[in-house]
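> Input structure: coords_39.txt, which contains compact mmCIF, C-alpha atoms and all ligand atoms.
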# COMPACT_ATOMS: atom_id res chain seq x y z
CA MET X 1 17.57 -14.77 126.33
CA THR X 2 17.26 -12.61 123.23
CA MET X 3 20.30 -11.12 121.54
CA HIS X 4 19.37 -7.48 122.25
CA GLN X 5 19.50 -8.15 126.01
CA ASP X 6 22.97 -9.54 125.78
CA LYS X 7 25.05 -6.42 126.44
CA VAL X 8 27.13 -6.38 129.62
CA GLY X 9 28.30 -2.95 130.68
CA PHE X 10 27.56 0.28 132.52
CA LEU X 11 24.00 0.86 133.67
CA GLY X 12 24.91 4.05 135.53
CA LEU X 13 27.87 6.11 136.72
CA GLY X 14 28.36 8.53 139.60
CA SER X 15 31.10 10.40 141.38
CA TYR X 16 31.70 12.56 144.40
CA THR X 17 34.40 15.03 145.36
CA PRO X 18 34.67 16.72 148.76
CA GLN X 19 33.93 20.46 148.95
CA GLN X 20 37.21 21.70 150.36
CA VAL X 21 39.78 22.84 147.80
CA MET X 22 43.51 22.83 148.52
CA THR X 23 45.62 24.87 146.09
CA ASN X 24 49.33 24.71 145.27
CA GLU X 25 49.68 27.99 147.19
CA ASP X 26 48.28 26.22 150.26
CA TRP X 27 51.06 23.61 149.89
CA GLU X 28 53.66 26.39 149.64
CA GLN X 29 52.79 27.25 153.25
CA LEU X 30 53.45 23.70 154.43
CA VAL X 31 56.44 22.28 152.49
CA ASP X 32 59.36 23.62 150.45
CA THR X 33 57.58 23.72 147.09
CA SER X 34 56.13 26.21 144.62
CA ASP X 35 53.04 26.57 142.50
CA GLU X 36 55.36 26.83 139.50
CA TRP X 37 57.15 23.52 140.27
CA ILE X 38 53.92 21.63 140.83
CA ARG X 39 52.28 22.98 137.65
CA GLN X 40 55.32 22.41 135.46
CA ARG X 41 56.10 18.91 136.70
CA THR X 42 52.57 17.60 137.22
CA GLY X 43 49.95 19.96 135.74
CA ILE X 44 48.15 19.93 139.09
CA GLU X 45 46.68 23.27 140.23
CA ARG X 46 44.39 22.20 143.06
CA ARG X 47 42.90 19.11 144.67
CA ARG X 48 39.95 18.34 146.95
CA ILE X 49 40.37 17.22 150.53
CA VAL X 50 37.88 15.61 152.89
CA ALA X 51 36.21 17.47 155.73
CA GLU X 52 37.12 16.36 159.25
CA ASP X 53 33.90 14.39 159.65
CA GLU X 54 34.19 12.65 156.24
CA ASN X 55 35.76 9.21 155.87
CA THR X 56 36.23 6.75 153.00
CA VAL X 57 32.77 5.23 153.22
CA ASP X 58 31.05 8.66 153.14
CA LEU X 59 32.66 9.38 149.76
CA ALA X 60 31.94 5.86 148.50
CA LEU X 61 28.30 6.12 149.54
CA ALA X 62 27.79 9.49 147.83
CA ALA X 63 29.26 8.21 144.54
CA ALA X 64 27.34 4.91 144.77
CA GLU X 65 24.01 6.68 145.34
CA ARG X 66 24.63 8.87 142.31
CA ALA X 67 25.45 5.83 140.17
CA LEU X 68 22.23 4.13 141.33
CA THR X 69 20.23 7.27 140.50
CA ALA X 70 21.86 7.46 137.06
CA ALA X 71 20.98 3.79 136.50
CA ASP X 72 17.44 4.44 137.80
CA LEU X 73 17.78 1.49 140.15
CA SER X 74 16.81 0.99 143.75
CA VAL X 75 19.45 -0.42 146.06
CA ASP X 76 17.72 -3.81 146.40
CA LYS X 77 18.58 -4.49 142.75
CA ILE X 78 22.31 -4.68 143.54
CA ASP X 79 23.69 -8.24 143.86
CA GLU X 80 27.33 -7.64 144.74
CA ILE X 81 29.64 -4.80 145.78
CA ILE X 82 33.34 -4.37 145.00
CA VAL X 83 35.25 -1.45 146.50
CA ALA X 84 38.70 -0.62 145.15
CA THR X 85 40.68 1.38 147.68
CA ASP X 86 44.07 1.67 149.36
CA THR X 87 42.77 4.07 151.99
CA PRO X 88 40.10 1.97 153.74
CA GLU X 89 37.66 3.14 156.40
CA VAL X 90 39.42 0.94 159.02
CA TYR X 91 42.07 -1.79 158.82
CA LEU X 92 39.51 -4.57 159.37
CA PRO X 93 36.80 -5.17 158.16
CA ASP X 94 36.90 -3.83 154.64
CA THR X 95 35.22 -0.67 153.38
CA ALA X 96 32.74 -2.74 151.34
CA SER X 97 31.19 -4.00 154.62
CA PHE X 98 30.54 -0.45 155.76
CA LEU X 99 29.20 0.49 152.35
CA GLN X 100 26.86 -2.52 152.26
CA HIS X 101 25.41 -1.43 155.60
CA ARG X 102 25.16 2.28 154.79
CA LEU X 103 23.53 1.63 151.42
CA GLY X 104 21.07 -0.78 153.06
CA THR X 105 21.38 -3.53 150.47
CA ARG X 106 20.28 -7.11 151.01
CA SER X 107 22.96 -9.37 152.61
CA ILE X 108 24.82 -9.60 149.34
CA PRO X 109 28.54 -10.38 148.96
CA ALA X 110 30.71 -7.29 149.33
CA TYR X 111 34.48 -7.13 149.27
CA ASP X 112 37.44 -4.82 148.78
CA LEU X 113 40.15 -4.94 146.21
CA GLY X 114 43.12 -3.27 147.86
CA GLY X 115 46.78 -2.70 147.19
CA SER X 116 46.66 -2.23 143.45
CA GLY X 117 46.94 1.52 143.72
CA CYS X 118 45.47 3.52 140.93
CA ALA X 119 44.72 0.44 138.80
CA GLY X 120 42.16 -0.77 141.38
CA PHE X 121 38.99 0.51 139.75
CA LEU X 122 39.67 -0.98 136.32
CA GLN X 123 40.67 -4.32 137.87
CA ALA X 124 37.40 -4.24 139.84
CA LEU X 125 35.47 -3.33 136.70
CA ASP X 126 36.97 -6.30 134.87
CA LEU X 127 35.96 -8.54 137.81
CA ALA X 128 32.45 -7.08 137.93
CA ARG X 129 31.98 -7.79 134.23
CA SER X 130 33.04 -11.40 134.82
CA ARG X 131 30.64 -11.72 137.76
CA VAL X 132 27.77 -10.52 135.55
CA ILE X 133 28.77 -12.98 132.83
CA CYS X 134 28.78 -15.67 135.56
CA GLY X 135 25.19 -14.85 136.50
CA LYS X 136 24.99 -11.86 138.86
CA ASP X 137 22.45 -9.35 137.57
CA ARG X 138 24.06 -6.14 138.82
CA VAL X 139 27.37 -5.39 140.51
CA LEU X 140 28.23 -2.05 142.11
CA VAL X 141 31.88 -1.06 141.64
CA VAL X 142 33.40 1.81 143.58
CA GLY X 143 36.84 3.40 143.41
CA VAL X 144 37.44 5.59 146.45
CA GLU X 145 40.44 7.23 148.03
CA VAL X 146 41.06 9.51 150.99
CA LEU X 147 44.77 9.78 150.36
CA THR X 148 45.19 13.13 152.11
CA ARG X 149 44.25 11.53 155.45
CA LEU X 150 46.95 8.85 155.32
CA MET X 151 49.87 10.39 153.44
CA ASP X 152 52.90 12.16 154.90
CA TRP X 153 52.16 15.90 154.82
CA THR X 154 55.87 16.70 155.27
CA ASP X 155 57.13 14.73 152.23
CA ARG X 156 57.09 17.13 149.27
CA ASN X 157 57.98 14.31 146.86
CA THR X 158 54.51 12.81 147.23
CA CYS X 159 52.12 14.99 149.25
CA VAL X 160 51.43 17.58 146.53
CA LEU X 161 50.36 14.89 144.06
CA PHE X 162 47.24 13.49 145.70
CA GLY X 163 43.59 14.33 146.28
CA ASP X 164 40.40 12.71 147.65
CA ALA X 165 37.44 11.49 145.58
CA ALA X 166 35.12 8.59 144.77
CA GLY X 167 33.66 7.20 141.55
CA ALA X 168 31.14 4.42 141.10
CA ALA X 169 29.50 2.35 138.39
CA VAL X 170 26.66 -0.13 138.27
CA VAL X 171 27.61 -2.96 135.92
CA GLY X 172 24.90 -5.24 134.59
CA ARG X 173 23.23 -6.89 131.65
CA SER X 174 20.69 -4.89 129.68
CA SER X 175 19.81 -3.83 126.14
CA GLU X 176 20.51 -0.26 127.36
CA ALA X 177 23.96 -0.99 128.83
CA ARG X 178 26.99 0.96 127.65
CA GLU X 179 28.75 -2.20 126.58
CA ILE X 180 32.15 -3.27 127.87
CA LEU X 181 33.62 -4.72 124.68
CA ALA X 182 36.87 -5.99 126.19
CA ALA X 183 39.08 -5.75 129.25
CA THR X 184 42.72 -6.54 129.90
CA ALA X 185 44.96 -6.40 132.97
CA GLY X 186 48.48 -7.32 134.00
CA THR X 187 50.98 -7.29 136.84
CA ASP X 188 54.76 -7.06 137.16
CA GLY X 189 55.59 -7.61 140.82
CA SER X 190 59.34 -7.42 140.17
CA ARG X 191 59.11 -3.62 140.26
CA SER X 192 57.10 -3.26 143.47
CA GLU X 193 59.85 -1.31 145.25
CA ILE X 194 59.46 1.79 143.07
CA LEU X 195 56.08 2.66 144.59
CA THR X 196 55.34 1.25 148.02
CA LEU X 197 54.13 1.99 151.54
CA GLU X 198 56.04 -0.57 153.58
CA VAL X 199 55.27 0.06 157.23
CA GLY X 200 52.16 -1.55 158.72
CA GLY X 201 52.42 -5.02 157.18
CA THR X 202 54.19 -8.13 158.48
CA ARG X 203 57.53 -7.21 156.94
CA LYS X 204 57.74 -3.92 158.83
CA PRO X 205 55.04 -3.89 161.51
CA PHE X 206 53.84 -0.63 162.96
CA THR X 207 55.98 0.50 165.93
CA VAL X 208 56.15 3.74 167.89
CA GLU X 209 59.69 4.35 166.63
CA ARG X 210 58.61 4.03 163.02
CA ALA X 211 55.52 6.15 163.61
CA GLU X 212 57.65 8.88 165.19
CA GLN X 213 59.53 9.11 161.89
CA ASN X 214 56.19 9.22 160.04
CA LEU X 215 57.17 6.01 158.20
CA HIS X 216 53.65 4.56 158.46
CA ARG X 217 52.58 7.33 156.08
CA ARG X 218 55.64 7.44 153.86
CA ILE X 219 54.93 6.47 150.28
CA VAL X 220 58.34 5.47 148.92
CA MET X 221 58.36 6.39 145.25
CA ASN X 222 60.91 6.60 142.49
CA GLY X 223 59.00 9.22 140.50
CA ARG X 224 60.98 8.92 137.28
CA GLU X 225 60.70 5.14 137.14
CA VAL X 226 56.99 5.25 137.96
CA PHE X 227 56.59 7.85 135.22
CA LYS X 228 58.24 5.62 132.59
CA GLU X 229 56.33 2.50 133.65
CA ALA X 230 53.06 4.42 133.67
CA VAL X 231 53.49 5.66 130.11
CA ARG X 232 54.65 2.28 128.83
CA ARG X 233 52.01 0.17 130.55
CA MET X 234 49.02 2.44 129.97
CA SER X 235 49.84 2.66 126.26
CA GLN X 236 50.48 -1.07 125.99
CA ALA X 237 47.21 -1.92 127.78
CA ALA X 238 45.35 0.44 125.44
CA HIS X 239 46.72 -1.38 122.38
CA GLU X 240 45.94 -4.77 123.92
CA VAL X 241 42.31 -4.03 124.71
CA LEU X 242 41.71 -2.62 121.23
CA GLU X 243 43.19 -5.74 119.70
CA LEU X 244 41.01 -7.96 121.89
CA ALA X 245 37.91 -6.12 120.67
CA GLY X 246 39.11 -5.98 117.05
CA ARG X 247 38.95 -2.18 117.03
CA LYS X 248 41.38 0.53 115.91
CA LEU X 249 42.81 3.56 117.69
CA ASP X 250 41.32 5.97 115.17
CA GLU X 251 37.85 4.75 116.17
CA VAL X 252 38.41 5.86 119.79
CA ALA X 253 36.37 8.99 120.56
CA LEU X 254 37.82 9.53 124.03
CA LEU X 255 40.73 8.15 126.04
CA VAL X 256 40.18 8.27 129.80
CA PRO X 257 43.55 7.55 131.40
CA HIS X 258 44.44 7.45 135.08
CA GLN X 259 45.00 11.09 136.06
CA ALA X 260 48.49 10.85 137.58
CA ASN X 261 50.33 13.71 135.96
CA LEU X 262 49.65 15.88 132.91
CA ARG X 263 53.03 15.00 131.42
CA ILE X 264 52.22 11.29 131.72
CA LEU X 265 48.86 11.84 130.01
CA ARG X 266 50.47 13.82 127.18
CA ALA X 267 53.16 11.14 126.73
CA VAL X 268 50.48 8.41 126.51
CA GLY X 269 48.55 10.55 124.02
CA LYS X 270 51.69 10.94 121.94
CA ARG X 271 52.43 7.21 121.95
CA LEU X 272 48.87 6.46 120.90
CA ASN X 273 48.88 9.33 118.43
CA LEU X 274 45.75 10.84 119.96
CA PRO X 275 45.30 14.65 119.97
CA ASP X 276 44.56 16.44 123.28
CA GLU X 277 40.88 16.88 122.45
CA ARG X 278 40.44 13.08 122.48
CA ILE X 279 42.04 12.72 125.93
CA CYS X 280 40.06 13.31 129.09
CA ILE X 281 42.06 15.48 131.50
CA ASN X 282 41.00 16.73 134.94
CA VAL X 283 44.28 16.26 136.86
CA HIS X 284 44.68 20.06 137.17
CA GLU X 285 41.49 20.19 139.26
CA TYR X 286 41.71 17.03 141.37
CA GLY X 287 45.32 15.77 141.36
CA ASN X 288 45.90 12.04 141.55
CA THR X 289 42.89 10.45 143.25
CA GLY X 290 44.12 6.84 143.05
CA SER X 291 41.45 4.30 142.29
CA ALA X 292 38.82 7.07 142.08
CA SER X 293 40.62 8.76 139.22
CA VAL X 294 39.24 6.90 136.18
CA PRO X 295 35.57 6.69 137.26
CA LEU X 296 35.63 10.36 138.34
CA ALA X 297 37.05 11.53 135.00
CA LEU X 298 34.66 9.26 133.07
CA ASP X 299 31.59 10.41 134.99
CA GLN X 300 32.54 14.06 134.54
CA ALA X 301 33.16 13.60 130.80
CA LEU X 302 29.74 11.97 130.46
CA SER X 303 27.98 14.71 132.47
CA ALA X 304 29.74 17.41 130.43
CA GLY X 305 28.39 15.91 127.20
CA ARG X 306 31.83 14.89 125.94
CA ILE X 307 30.62 11.34 125.30
CA ARG X 308 27.83 10.67 122.82
CA SER X 309 25.79 7.58 122.20
CA GLY X 310 27.85 5.19 120.08
CA ASP X 311 31.22 6.63 121.12
CA LEU X 312 34.08 4.24 121.73
CA VAL X 313 35.76 5.12 125.03
CA LEU X 314 39.06 3.65 126.15
CA LEU X 315 39.87 3.53 129.87
CA THR X 316 43.48 2.83 130.89
CA SER X 317 45.25 2.82 134.22
CA PHE X 318 48.33 1.73 136.15
CA GLY X 319 49.26 1.62 139.81
CA ALA X 320 51.55 0.27 142.51
CA GLY X 321 52.41 -3.39 142.09
CA PHE X 322 52.91 -2.74 139.23
CA HIS X 323 49.42 -3.37 137.98
CA TRP X 324 47.81 -2.04 134.85
CA ALA X 325 44.47 -2.47 133.15
CA ALA X 326 42.43 -1.19 130.23
CA VAL X 327 38.73 -1.43 129.41
CA LEU X 328 37.01 -0.57 126.12
CA VAL X 329 33.42 0.68 126.28
CA GLN X 330 30.87 1.38 123.56
CA PHE X 331 28.57 4.14 124.80
O1 LIG X 401 49.63 6.94 140.52
C1 LIG X 401 50.97 6.69 140.73
C2 LIG X 401 51.53 7.76 141.64
N1 LIG X 401 52.76 8.32 141.24
C3 LIG X 401 52.96 9.01 140.10
O2 LIG X 401 52.15 9.15 139.24
C4 LIG X 401 54.31 9.67 139.98
C5 LIG X 401 54.90 9.65 138.61
N2 LIG X 401 56.03 10.54 138.56
C6 LIG X 401 55.88 11.87 138.48
O3 LIG X 401 54.78 12.36 138.39
C7 LIG X 401 57.12 12.72 138.49
O4 LIG X 401 58.26 11.90 138.47
C8 LIG X 401 57.18 13.66 139.72
C9 LIG X 401 56.13 14.75 139.56
C10 LIG X 401 56.95 12.90 141.00
C11 LIG X 401 58.55 14.34 139.78
O5 LIG X 401 58.85 14.98 138.59
P1 LIG X 401 60.27 14.77 137.87
O6 LIG X 401 60.30 15.66 136.71
O7 LIG X 401 60.44 13.30 137.62
O8 LIG X 401 61.27 15.31 138.98
P2 LIG X 401 62.53 14.57 139.63
O9 LIG X 401 62.14 13.33 140.34
O10 LIG X 401 63.57 14.50 138.62
O11 LIG X 401 62.94 15.62 140.77
C12 LIG X 401 63.42 16.91 140.44
C13 LIG X 401 63.69 17.73 141.70
C14 LIG X 401 64.37 16.99 142.83
O12 LIG X 401 65.38 17.83 143.33
P3 LIG X 401 66.93 17.58 142.99
O13 LIG X 401 67.22 16.23 143.57
O14 LIG X 401 67.01 17.62 141.48
O15 LIG X 401 67.59 18.72 143.67
C15 LIG X 401 63.29 16.85 143.89
O16 LIG X 401 63.80 16.87 145.20
O17 LIG X 401 62.47 18.24 142.24
C16 LIG X 401 62.48 18.09 143.66
N3 LIG X 401 61.11 18.01 144.16
C17 LIG X 401 60.37 19.10 144.42
N4 LIG X 401 60.63 20.42 144.35
C18 LIG X 401 59.64 21.27 144.66
C19 LIG X 401 60.37 16.92 144.39
N5 LIG X 401 59.14 17.26 144.81
C20 LIG X 401 59.11 18.61 144.83
C21 LIG X 401 58.12 19.55 145.17
N6 LIG X 401 58.43 20.87 145.07
N7 LIG X 401 56.89 19.20 145.58
Starting from the file, lay out its structure as structure tokens.
Ligand code: UT7

Amino acid sequence: MTMHQDKVGFLGLGSYTPQQVMTNEDWEQLVDTSDEWIRQRTGIERRRIVAEDENTVDLALAAAERALTAADLSVDKIDEIIVATDTPEVYLPDTASFLQHRLGTRSIPAYDLGGSGCAGFLQALDLARSRVICGKDRVLVVGVEVLTRLMDWTDRNTCVLFGDAAGAAVVGRSSEAREILAATAGTDGSRSEILTLEVGGTRKPFTVERAEQNLHRRIVMNGREVFKEAVRRMSQAAHEVLELAGRKLDEVALLVPHQANLRILRAVGKRLNLPDERICINVHEYGNTGSASVPLALDQALSAGRIRSGDLVLLTSFGAGFHWAAVLVQF
């Protein structure tokens, strides 16, 4: 193999957001909240929500097809599929099985990475890169979430934060690849109680009594603690991945952080000493879209011409667990 073929990275990116828009004013009709509160505390103005006949795999498929088109690849060139989601199509089997069938790939391995919240896509990206280094030619990675279908629409502490979306990337080896220079990830399970959905597992199985209280949809969250952890871990992961690649913050053209909350993004920017124009922000339009958040923001930044050839782009994320991850890409 010649040196110029040695780059492992993105061959193509794609994303999909449902048509239907839900504004803060729409939420005012449903829970005791206000547009002013939501904007001030989160920066969110609107979010997309799925149509009645759309499920997780429909969003995943749309984003995956766009990533394949961007990579100029037919589906038979894909060797493995990883889907990061906490809102799967059904409980069993995983969403990746449905996606494999709908895409019409060969009988390749396909699996989900679930439970890592908003860090799921970057964890999956790190895995995909390793799989390519281990010999797979091309891995399709999808981050998809239909949070509005499974959350508690009466809990104002969480419901106004989320939106539905999907983002996808084809990762492979090519002289044309946008190279993944380094990746890092970590977990601190000692803090799992500050962001959790407990009912439905073996600890608290689903029962009618629990369902009547809407507990199967109740995301238990200590917002302030999650906020602090998010800022700390996303900034720390950003430093770590730069160090691994031997690069400096002032070389970073664009930071693409998980879009949880505008105040979190600004606080990360401040810690990293990056001005607003070097931070990718779309949380006002889409809210927190979980594992779809980073690939959606990245794909939109690329389509909008915010990323040029040669740019160093830093992706950083955190999610329930707590998990965090960062990936450094040379476009
Ligand atoms: O991807 C991970 C997902 N989670 C996150 O990213 C969450 C991270 N945390 C946050 O984004 C922020 O902590 C929140 C936006 C969730 C909350 O903002 P905050 O500035 O930390 O507010 P707070 O928790 O201090 O709550 C302030 C008040 C409370 O009322 P009291 O107890 O002070 O009377 C809440 O009950 O705001 C109240 N509140 C609301 N009021 C109007 C909570 N949700 C709402 C709401 N509308 N939707």
> Report, in Å to a single decimal, how far apart atom CA of Gly163 of chain X and atom CA of Glu36 of chain X are.
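Going from atom CA of Glu36 of chain X over to atom CA of Gly163 of chain X, I get 18.5 Å.
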> Pick the closest to Glu179 of chain X from X:Leu122, X:Leu92, X:Ala110, X:Ala245: which is it, counting only C-alpha atoms?
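Checking each of X:Leu122, X:Leu92, X:Ala110, X:Ala245 against Glu179 of chain X, counting only C-alpha atoms, the winner is X:Ala245.
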> Pick out the closest residue to Gly200 of chain X from this set: X:Leu242, X:Ala63, X:Leu215, X:Ile281. Count all atoms listed in the file.
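Residue with the minimum atom-to-atom distance to Gly200 of chain X: X:Leu215.
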> Around ligand LIG 401 (chain X), at most 6 Å away and counting only C-alpha atoms and all ligand atoms, which residues are there? Put them as a list of chain:residue names, please.
X:Thr33, X:Ser34, X:Trp37, X:Arg41, X:Thr42, X:Cys118, X:Arg156, X:Asn157, X:Val160, X:Gly223, X:Arg224, X:Val226, X:Phe227, X:Ala260, X:Asn261, X:Gly319
> When you look at segment 204-214 of chain X with a cut-off of 12 Å (counting only C-alpha atoms), what residues show up, excluding the ones that are within fewer than 2 positions of it in the same chain? I need them as a list in words.
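That gives Leu150, Met151, Asp152, Trp153, Thr154, Asp155, Leu197, Glu198, Val199, Gly200, Gly201, Thr202, His216, Arg217, Arg218, Ile219 and Val220 of chain X.
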> Take the residues from that selection and put them in a file with C-alpha atoms, as an mmCIF file, in the frame of the given file.

data_model
loop_
_atom_site.group_PDB
_atom_site.id
_atom_site.type_symbol
_atom_site.label_atom_id
_atom_site.label_comp_id
_atom_site.auth_asym_id
_atom_site.auth_seq_id
_atom_site.Cartn_x
_atom_site.Cartn_y
_atom_site.Cartn_z
ATOM 1 C CA LEU X 150 46.950 8.850 155.320
ATOM 2 C CA MET X 151 49.870 10.390 153.440
ATOM 3 C CA ASP X 152 52.900 12.160 154.900
ATOM 4 C CA TRP X 153 52.160 15.900 154.820
ATOM 5 C CA THR X 154 55.870 16.700 155.270
ATOM 6 C CA ASP X 155 57.130 14.730 152.230
ATOM 7 C CA LEU X 197 54.130 1.990 151.540
ATOM 8 C CA GLU X 198 56.040 -0.570 153.580
ATOM 9 C CA VAL X 199 55.270 0.060 157.230
ATOM 10 C CA GLY X 200 52.160 -1.550 158.720
ATOM 11 C CA GLY X 201 52.420 -5.020 157.180
ATOM 12 C CA THR X 202 54.190 -8.130 158.480
ATOM 13 C CA HIS X 216 53.650 4.560 158.460
ATOM 14 C CA ARG X 217 52.580 7.330 156.080
ATOM 15 C CA ARG X 218 55.640 7.440 153.860
ATOM 16 C CA ILE X 219 54.930 6.470 150.280
ATOM 17 C CA VAL X 220 58.340 5.470 148.920
#
